Every structure is written in structure tokens, then in C-alpha cells.
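Visitor: File name query-v8.cif; file contents mmCIF, C-alpha atoms; full text below.
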```
data_entry
loop_
_atom_site.label_atom_id
_atom_site.label_comp_id
_atom_site.auth_asym_id
_atom_site.auth_seq_id
_atom_site.Cartn_x
_atom_site.Cartn_y
_atom_site.Cartn_z
CA MET M 11 0.00 0.00 0.00
CA LEU M 12 1.30 3.44 -0.94
CA PHE M 13 1.07 6.18 1.67
CA ILE M 14 1.68 9.83 0.77
CA ASN M 15 2.98 11.82 3.72
CA THR M 16 1.94 15.45 3.21
CA ARG M 17 3.27 16.88 6.48
CA PRO M 18 5.79 19.76 6.26
CA ALA M 19 9.30 18.45 5.74
CA ASP M 20 10.44 19.25 9.29
CA ARG M 21 7.52 17.25 10.77
CA ALA M 22 7.27 14.32 8.35
CA GLN M 23 10.26 12.23 9.38
CA ALA M 24 8.82 10.43 12.42
CA LEU M 25 5.70 9.27 10.57
CA THR M 26 7.61 8.21 7.47
CA GLN M 27 10.12 6.23 9.55
CA CYS M 28 7.35 4.54 11.53
CA LEU M 29 5.50 3.42 8.38
CA VAL M 30 8.62 2.29 6.52
CA GLN M 31 9.58 0.13 9.51
CA ALA M 32 6.09 -1.41 9.26
CA HIS M 33 6.81 -2.19 5.57
CA PHE M 34 4.55 0.41 4.01
CA GLN M 35 5.67 2.21 0.86
CA VAL M 36 5.89 5.94 1.65
CA LEU M 37 6.27 8.96 -0.60
CA ASP M 38 7.01 12.28 1.11
CA LEU M 39 5.10 15.03 -0.67
CA PRO M 40 4.75 18.06 1.64
CA LEU M 41 1.73 20.21 0.85
CA LEU M 42 2.69 23.03 3.21
CA ALA M 43 5.85 24.94 4.05
CA LEU M 44 6.00 27.41 6.93
CA GLN M 45 7.96 30.65 6.54
CA PRO M 46 8.42 33.03 9.51
CA LEU M 47 7.06 36.52 8.97
CA PRO M 48 9.36 39.44 9.78
CA TYR M 49 9.22 40.97 13.24
CA ASN M 50 7.52 44.37 12.94
CA ALA M 51 5.93 47.18 14.92
CA GLN M 52 2.54 45.45 15.06
CA LEU M 53 4.01 42.29 16.55
CA GLN M 54 6.02 44.39 18.99
CA GLN M 55 2.79 46.02 20.20
CA GLN M 56 0.97 42.67 20.41
CA PHE M 57 3.72 41.06 22.47
CA THR M 58 3.58 43.92 24.96
CA GLN M 59 -0.20 43.29 25.26
CA LEU M 60 0.22 39.63 26.27
CA ALA M 61 0.27 40.30 30.00
CA ALA M 62 -3.37 41.42 29.70
CA VAL M 63 -4.68 38.16 28.15
CA GLN M 64 -5.73 35.06 30.07
CA ALA M 65 -4.69 32.43 27.56
CA ILE M 66 -2.38 31.89 24.59
CA VAL M 67 -3.25 29.34 21.90
CA VAL M 68 -0.13 28.05 20.11
CA VAL M 69 -1.05 26.24 16.91
CA SER M 70 2.17 24.47 15.88
CA PRO M 71 5.81 23.78 16.78
CA THR M 72 6.76 26.55 14.34
CA ALA M 73 4.52 28.97 16.23
CA VAL M 74 6.34 28.00 19.45
CA GLU M 75 9.81 28.65 18.07
CA VAL M 76 8.98 31.87 16.23
CA GLY M 77 6.73 33.14 19.04
CA LEU M 78 9.29 32.61 21.79
CA ALA M 79 12.09 34.12 19.69
CA TYR M 80 10.00 37.22 19.04
CA LEU M 81 8.87 37.32 22.67
CA GLN M 82 12.51 37.61 23.69
CA ARG M 83 13.08 40.25 21.03
CA SER M 84 10.16 42.28 22.40
CA GLN M 85 11.86 42.20 25.84
CA VAL M 86 8.80 40.57 27.44
CA LYS M 87 9.92 37.86 29.84
CA LEU M 88 8.15 34.53 30.37
CA GLU M 89 8.05 35.35 34.09
CA GLN M 90 5.62 38.15 33.25
CA LEU M 91 3.21 35.61 31.74
CA GLN M 92 3.02 33.12 34.62
CA HIS M 93 -0.70 33.82 35.12
CA ILE M 94 -1.53 32.84 31.53
CA GLU M 95 -2.94 29.45 30.51
CA TRP M 96 -1.23 27.96 27.48
CA ILE M 97 -3.08 25.79 24.96
CA ALA M 98 -1.17 23.66 22.45
CA VAL M 99 -2.73 22.37 19.26
CA GLY M 100 -1.34 18.85 19.44
CA LYS M 101 1.07 16.87 21.58
CA LYS M 102 4.10 17.82 19.49
CA THR M 103 3.40 21.50 20.00
CA ALA M 104 3.01 20.85 23.74
CA ALA M 105 6.32 18.96 23.77
CA VAL M 106 8.17 21.89 22.18
CA LEU M 107 6.60 24.26 24.72
CA ALA M 108 7.66 21.90 27.51
CA GLN M 109 11.27 22.16 26.32
CA HIS M 110 11.02 25.83 27.24
CA GLY M 111 9.44 25.14 30.63
CA ILE M 112 5.85 25.89 29.55
CA ILE M 113 3.11 23.41 30.48
CA ALA M 114 0.19 23.53 28.05
CA SER M 115 -3.29 22.00 27.86
CA VAL M 116 -3.88 19.77 24.83
CA PRO M 117 -7.37 18.97 23.50
CA GLU M 118 -8.32 15.32 23.04
CA VAL M 119 -9.27 16.14 19.45
CA GLU M 120 -6.49 18.26 17.97
CA THR M 121 -8.75 20.67 16.10
CA SER M 122 -10.42 24.03 16.74
CA GLU M 123 -13.58 22.18 17.76
CA GLY M 124 -11.59 20.07 20.19
CA MET M 125 -9.98 23.13 21.75
CA LEU M 126 -13.37 24.75 22.32
CA GLN M 127 -14.24 21.79 24.58
CA LEU M 128 -11.37 22.53 26.98
CA PRO M 129 -12.37 23.70 30.50
CA LEU M 130 -10.90 27.12 29.70
CA PHE M 131 -13.79 27.70 27.30
CA THR M 132 -16.53 25.66 28.97
CA GLN M 133 -15.93 26.52 32.63
CA ARG M 134 -14.41 30.02 32.64
CA PRO M 135 -17.13 32.68 32.31
CA ASP M 136 -14.48 35.23 33.25
CA LEU M 137 -12.46 34.56 30.07
CA LYS M 138 -12.21 37.97 28.40
CA ALA M 139 -9.06 38.00 26.27
CA ILE M 140 -7.03 35.37 24.40
CA ALA M 141 -4.02 35.49 22.08
CA PHE M 142 -3.29 33.24 19.11
CA TRP M 143 0.21 32.43 17.92
CA ARG M 144 -0.52 31.21 14.42
CA GLY M 145 0.17 31.37 10.70
CA ILE M 146 -1.75 33.30 8.10
CA GLY M 147 -5.02 31.50 7.41
CA GLY M 148 -4.83 29.15 10.42
CA ARG M 149 -7.44 28.65 13.15
CA ALA M 150 -9.87 31.26 11.78
CA PHE M 151 -12.83 29.15 12.90
CA MET M 152 -11.72 29.13 16.54
CA MET M 153 -11.09 32.87 16.56
CA GLN M 154 -14.57 33.48 15.14
CA GLN M 155 -16.07 31.35 17.90
CA CYS M 156 -14.18 33.34 20.55
CA GLN M 157 -15.34 36.64 19.10
CA GLN M 158 -18.95 35.41 19.10
CA LYS M 159 -18.53 34.77 22.83
CA ASN M 160 -17.31 38.37 23.25
CA ILE M 161 -13.77 37.21 23.98
CA ALA M 162 -11.20 39.74 22.77
CA VAL M 163 -8.71 38.14 20.37
CA VAL M 164 -5.08 39.19 19.90
CA ASN M 165 -4.34 37.76 16.46
CA MET M 166 -0.56 37.30 16.21
CA LEU M 167 0.54 36.24 12.72
CA LEU M 168 3.99 34.66 13.02
CA TYR M 169 4.43 32.76 9.76
CA ALA M 170 3.00 32.21 6.31
CA ARG M 171 1.87 28.91 4.88
CA CYS M 172 2.77 28.26 1.27
CA PHE M 173 3.12 25.39 -1.15
CA PRO M 174 6.73 24.12 -1.31
CA GLU M 175 8.11 24.39 -4.84
CA SER M 176 10.12 21.19 -4.41
CA SER M 177 6.87 19.23 -4.10
CA LYS M 178 5.99 19.91 -7.74
CA GLN M 179 8.80 17.54 -8.72
CA GLN M 180 7.63 15.03 -6.12
CA PHE M 181 4.16 15.20 -7.63
CA GLN M 182 5.61 14.39 -11.05
CA THR M 183 7.36 11.40 -9.49
CA PHE M 184 4.02 10.33 -8.06
CA LEU M 185 2.31 10.69 -11.45
CA THR M 186 4.99 8.53 -13.06
CA MET M 187 4.47 5.87 -10.37
CA MET M 188 0.71 5.90 -10.94
CA GLN M 189 1.08 5.68 -14.72
CA ARG M 190 3.48 2.78 -14.41
CA GLU M 191 1.43 0.97 -11.76
CA PRO M 192 -2.05 2.42 -11.11
CA GLN M 193 -3.03 1.72 -7.53
CA PRO M 194 -5.10 3.13 -4.65
CA PHE M 195 -3.16 5.27 -2.21
CA VAL M 196 -3.69 6.73 1.25
CA MET M 197 -2.87 10.35 2.13
CA ASN M 198 -2.97 12.41 5.32
CA ILE M 199 -4.69 15.81 5.13
CA SER M 200 -4.17 18.00 8.18
CA SER M 201 -5.69 21.31 7.09
CA GLU M 202 -8.01 22.97 4.61
CA ALA M 203 -5.00 24.74 3.07
CA SER M 204 -3.20 21.48 2.32
CA TRP M 205 -6.36 20.03 0.78
CA CYS M 206 -6.71 23.09 -1.47
CA TYR M 207 -3.11 22.73 -2.61
CA TRP M 208 -3.75 19.07 -3.40
CA LEU M 209 -6.83 19.99 -5.47
CA ASP M 210 -4.70 22.48 -7.39
CA LEU M 211 -2.03 19.87 -8.09
CA CYS M 212 -4.64 17.40 -9.31
CA GLU M 213 -6.61 19.91 -11.39
CA SER M 214 -5.76 18.01 -14.59
CA HIS M 215 -5.58 14.60 -12.89
CA SER M 216 -8.98 14.07 -11.26
CA ASP M 217 -8.80 10.37 -12.10
CA ILE M 218 -5.75 10.03 -9.86
CA LEU M 219 -7.19 12.21 -7.11
CA GLN M 220 -10.14 9.84 -6.93
CA LYS M 221 -7.92 6.84 -6.27
CA GLY M 222 -7.04 8.33 -2.89
CA HIS M 223 -8.25 7.41 0.57
CA TYR M 224 -7.85 10.55 2.67
CA LEU M 225 -7.11 10.50 6.40
CA VAL M 226 -8.31 13.88 7.62
CA LEU M 227 -7.88 15.64 10.95
CA GLY M 228 -11.21 16.30 12.65
CA ARG M 229 -14.87 16.50 11.71
CA ARG M 230 -14.84 19.97 10.15
CA LEU M 231 -12.16 19.01 7.62
CA TYR M 232 -14.06 15.78 6.99
CA GLN M 233 -17.14 17.83 6.12
CA ILE M 234 -15.12 20.02 3.75
CA LEU M 235 -13.95 16.96 1.82
CA LEU M 236 -17.46 15.54 1.80
CA GLU M 237 -18.83 18.75 0.33
CA ASP M 238 -16.10 18.89 -2.32
CA ARG M 239 -16.69 15.26 -3.23
CA LYS M 240 -20.37 15.98 -3.74
CA SER M 241 -20.06 19.34 -5.51
CA LYS M 242 -17.34 18.14 -7.91
CA ASN M 243 -18.90 14.69 -8.49
CA PHE M 244 -15.75 13.00 -7.22
CA CYS M 245 -15.55 9.48 -5.85
CA PHE M 246 -12.96 8.95 -3.13
CA ASN M 247 -12.85 7.58 0.41
CA ILE M 248 -12.42 9.66 3.58
CA THR M 249 -11.65 8.68 7.17
CA SER M 250 -11.80 11.22 9.99
CA LEU M 251 -9.16 10.85 12.71
CA GLU M 252 -8.84 12.68 16.04
CA ASN M 253 -5.09 13.05 15.52
CA LEU M 254 -2.45 12.18 12.94
CA GLU M 255 0.11 10.74 15.34
CA GLU M 256 2.31 7.91 14.10
CA ASN M 257 0.51 5.12 15.97
CA THR M 258 -2.93 6.36 14.92
CA VAL M 259 -1.98 6.47 11.25
CA LEU M 260 -0.22 3.09 11.45
CA GLN M 261 -3.24 1.40 13.07
CA THR M 262 -5.59 2.94 10.49
CA LEU M 263 -3.41 1.82 7.58
CA SER M 264 -3.18 -1.68 9.00
CA LEU M 265 -6.97 -1.90 9.18
CA LEU M 266 -7.34 -0.55 5.64
CA GLN M 267 -4.78 -3.02 4.36
CA ARG M 268 -6.71 -5.94 5.83
CA SER M 269 -9.92 -4.74 4.15
CA LEU M 270 -8.38 -4.67 0.66
#
```
Taking this structure as input, can you express it in the form of C-alpha cells?
Guide:
Amino acid sequence: MLFINTRPADRAQALTQCLVQAHFQVLDLPLLALQPLPYNAQLQQQFTQLAAVQAIVVVSPTAVEVGLAYLQRSQVKLEQLQHIEWIAVGKKTAAVLAQHGIIASVPEVETSEGMLQLPLFTQRPDLKAIAFWRGIGGRAFMMQQCQQKNIAVVNMLLYARCFPESSKQQFQTFLTMMQREPQPFVMNISSEASWCYWLDLCESHSDILQKGHYLVLGRRLYQILLEDRKSKNFCFNITSLENLEENTVLQTLSLLQRSL
């Protein structure tokens, strides 16, 4: 069974190694690359506002590294933020925060919907202000939900998400593989942005797109793929997962392999 690992290059290695050791064929084809945005006057002002918020949502390991580097540059010390509750989108983000001495809450389901079920949002009527360390285009749904609850949002854009140019060549390699030996494949999709990039790549190859079985993160992304499948008259399989950790993906692939 062919698995296409679409995680950014700096996050793909652990999953690829796990699956290769389990004798799955893996092709790394990152659909997102993360580029830090320059430190500017707006970020400087936002970092100085952090002491007034009650929580900081950190959406990725990249957001941790860029955010903490810029925090230091703004001359705001972590000791000034001891009263703040930290929320990590995923265990890997929490692990990177922990390396810097920050303990963060992690939702059971690593999505915006999962985060909104944390006690911070369900049991804290006094929650008035929250900051997001994120990339352009990320976690818009959660911010909208906070604003609807009259929670002030400090929207801190730390990096841009783009399609990595090197993946165009990887996609051509994939096309050659499929032409030589047409076969179903499984692919992880972790965000709406990565799905949109995949649709763009496959614009002239809808037959190949429809051979895929897509492992998607969370119910909202699952619904997006369902709607696209219906509106575009596609035929492909989708499985919704609560996380895309190595063991979860491996167990899912093993079950799919037995059903073939």
C-alpha cells in the first residue's frame, strides 16, 4: 500500500520512519511549508499586550519557536506571563513548549472544535481575552467562535503557509508511479489549506485524485472533503481521525490493508 505523507518536511520524518519500519511504501510530498514573517511594529505592540490576556493558543511547533524568539526580542519575559494558561494544538506543540518550561493544555481532538471543549472555554465565564500564535489563514474558525462569545482576540501572525516548490517535482514522481502501476493510495490531510493545494495539483488529474483514501484531521475538515466530493462529483474515500500521530496512522493503515 502506498502512503503519501503530506506533512511539512520538518515534521514528516517520524511518521515516514514509523511506516517504513512497518513495511509500508511511503512517498514524502509536503503540501505546506512554513515561513516566519518578519518581526515588525505590530508584533512588537501585540507582544507587549500579552500580560493582559488570560490564555495563549499556540497552533504548531513553528509557532512555538517563532513566538518565543519574538517574545525575547520584544523584551517581554516569560516570568511576566506566569498567570496565563497555554493551549497547544497537538502533543508535538506541547512537547516543544515543555522544552522551554511551559506546560500547556492539549485537547483530546487536535482541532479548533476540540480546543473549544477545553475547560478554559466551557468553565471560565471570566475569560475575556485570548491570544493566538498562528500562521496566516490558520485557526480562523476558533477565533470566530471566541469573538462570538465576546472574547477579545489578539491575532498574532507569526508565519505564512505556502506550497513548497520542491513538491511539484515530487508530484511528477508520483504521477509517473501511478502511470506505471495504477493503484489506490492513502494520504494524510491535516488542514483545509493542504487540501486546497492538493486539489490544485490534481486539477488536470482528477482520475488520480479519486484513487485516494484521505485520512483527515477532525470533523470539520471531513465535512469540507465531503462537500467537495459531492459538488465536484468525485468518488474517493475519507476517514476522519482525532489526531495524525504515528501510531494512529499506522493502526488505520493496518486496518485498511486488511480490508483490501
Visitor: Would you write out, as a short mmCIF file (atom, residue, chain, number, x, y, z; two decimals) with C-alpha atoms, in the frame of the given file, every residue that the PyMOL selection byres ((chain M and resi 178) around 12) captures in this file?
Guide:
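File out06.cif, as written:
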```
data_model
loop_
_atom_site.label_atom_id
_atom_site.label_comp_id
_atom_site.auth_asym_id
_atom_site.auth_seq_id
_atom_site.Cartn_x
_atom_site.Cartn_y
_atom_site.Cartn_z
CA ASP M 38 7.01 12.28 1.11
CA LEU M 39 5.10 15.03 -0.67
CA PRO M 40 4.75 18.06 1.64
CA LEU M 41 1.73 20.21 0.85
CA LEU M 42 2.69 23.03 3.21
CA PHE M 173 3.12 25.39 -1.15
CA PRO M 174 6.73 24.12 -1.31
CA GLU M 175 8.11 24.39 -4.84
CA SER M 176 10.12 21.19 -4.41
CA SER M 177 6.87 19.23 -4.10
CA GLN M 179 8.80 17.54 -8.72
CA GLN M 180 7.63 15.03 -6.12
CA PHE M 181 4.16 15.20 -7.63
CA GLN M 182 5.61 14.39 -11.05
CA THR M 183 7.36 11.40 -9.49
CA PHE M 184 4.02 10.33 -8.06
CA LEU M 185 2.31 10.69 -11.45
CA TYR M 207 -3.11 22.73 -2.61
CA TRP M 208 -3.75 19.07 -3.40
CA ASP M 210 -4.70 22.48 -7.39
CA LEU M 211 -2.03 19.87 -8.09
CA CYS M 212 -4.64 17.40 -9.31
#
```
Visitor: What does the distance between atom CA of Arg17 of chain M and atom CA of Glu213 of chain M come to in Å, to one decimal place?
Guide: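 Computing it gives 20.6 Å between the two atoms.
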Visitor: Would you please work out which residue, of M:Asn257, M:Ser264, M:Val106, M:Cys172, is nearest to Val196 of chain M when using all atoms listed in the file?
Guide: M:Ser264
Visitor: Return as a ChimeraX atom specification the set of residues that the PyMOL selection byres ((chain M and resi 235) around 10) yields on the displayed structure.
Guide: /M:199,202,205,224,226,229-234,236-241,246-248
Visitor: Using the chain letters and numbers from this file, what does the PyMOL selection byres ((chain M and resi 26) around 12) select? Give the answer as a ChimeraX atom specification.
Guide: /M:12-25,27-40,197-198,255-257,259-260
Visitor: Using all atoms listed in the file for the distances, tell me which of M:Ser201, M:Asp217, M:Gly77, M:Ile66 is nearest to Met153 of chain M.
Guide: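 Of the candidates, the smallest distance to Met153 of chain M is held by M:Ile66.
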Visitor: Suppose you want the space between atom CA of Leu128 of chain M and atom CA of Ala98 of chain M; what is it in Å?
Guide: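 So the two atoms, atom CA of Leu128 of chain M and atom CA of Ala98 of chain M, lie 11.2 Å apart.
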Visitor: Would you compute the distance between atom CA of Phe142 of chain M and atom CA of Ser204 of chain M? Give it in Å to one decimal.
Guide: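 Between atom CA of Phe142 of chain M and atom CA of Ser204 of chain M the gap is 20.5 Å.
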Visitor: Go through M:Ala114, M:Val67, M:Ala61, M:Ala104 one by one, measure the shortest atom-to-atom distance of each to Val86 of chain M using only C-alpha atoms, and give the residue with the smallest value.
Guide: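 Of the candidates, the smallest distance to Val86 of chain M is held by M:Ala61.
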Visitor: Do you know which residues lie at most 10 Å from (-7.8, 11.8, 15.6), with coordinates as in the file and all atoms listed in the file counted, and could you write them as number ranges by chain?
Guide: M: 118-121, 225-229, 249-255, 258-259
Visitor: Excluding segment 78-83 of chain M and residues on its chain fewer than 4 positions from it, collect all residues at most 10 Å away from it, counting only C-alpha atoms, and give them as an mmCIF file with C-alpha atoms, in the frame of the given file.
Guide:
```
data_model
loop_
_atom_site.group_PDB
_atom_site.id
_atom_site.type_symbol
_atom_site.label_atom_id
_atom_site.label_comp_id
_atom_site.auth_asym_id
_atom_site.auth_seq_id
_atom_site.Cartn_x
_atom_site.Cartn_y
_atom_site.Cartn_z
ATOM 1 C CA PRO M 48 9.360 39.440 9.780
ATOM 2 C CA TYR M 49 9.220 40.970 13.240
ATOM 3 C CA ASN M 50 7.520 44.370 12.940
ATOM 4 C CA LEU M 53 4.010 42.290 16.550
ATOM 5 C CA GLN M 54 6.020 44.390 18.990
ATOM 6 C CA GLN M 56 0.970 42.670 20.410
ATOM 7 C CA PHE M 57 3.720 41.060 22.470
ATOM 8 C CA THR M 58 3.580 43.920 24.960
ATOM 9 C CA LEU M 60 0.220 39.630 26.270
ATOM 10 C CA THR M 72 6.760 26.550 14.340
ATOM 11 C CA ALA M 73 4.520 28.970 16.230
ATOM 12 C CA VAL M 74 6.340 28.000 19.450
ATOM 13 C CA LYS M 87 9.920 37.860 29.840
ATOM 14 C CA LEU M 88 8.150 34.530 30.370
ATOM 15 C CA LEU M 107 6.600 24.260 24.720
ATOM 16 C CA HIS M 110 11.020 25.830 27.240
ATOM 17 C CA TRP M 143 0.210 32.430 17.920
ATOM 18 C CA LEU M 168 3.990 34.660 13.020
#
```
Visitor: Box for segment 215-224 of chain M - axis-aligned, 3 Å on each of the six sides, all listed atoms - centre and size in Å to one decimal, as lines of an AutoDock Vina configuration file.
Guide:
```
center_x = -7.9
center_y = 10.7
center_z = -5.1
size_x = 10.6
size_y = 13.8
size_z = 21.6
```
Visitor: Could you give me, as a PyMOL selection string, the residues within 10 Å of Pro129 of chain M, counting only C-alpha atoms and dropping anything in the same chain fewer than 5 positions from it?
Guide: chain M and resi 115+117+134
Visitor: From the set M:Gln59, M:Gln52, M:Gly147, M:Glu75, which residue has the shortest atom-to-atom contact distance to Ala203 of chain M, counting only C-alpha atoms?
Guide: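 Looking at the shortest contact to Ala203 of chain M, the residue is M:Gly147.
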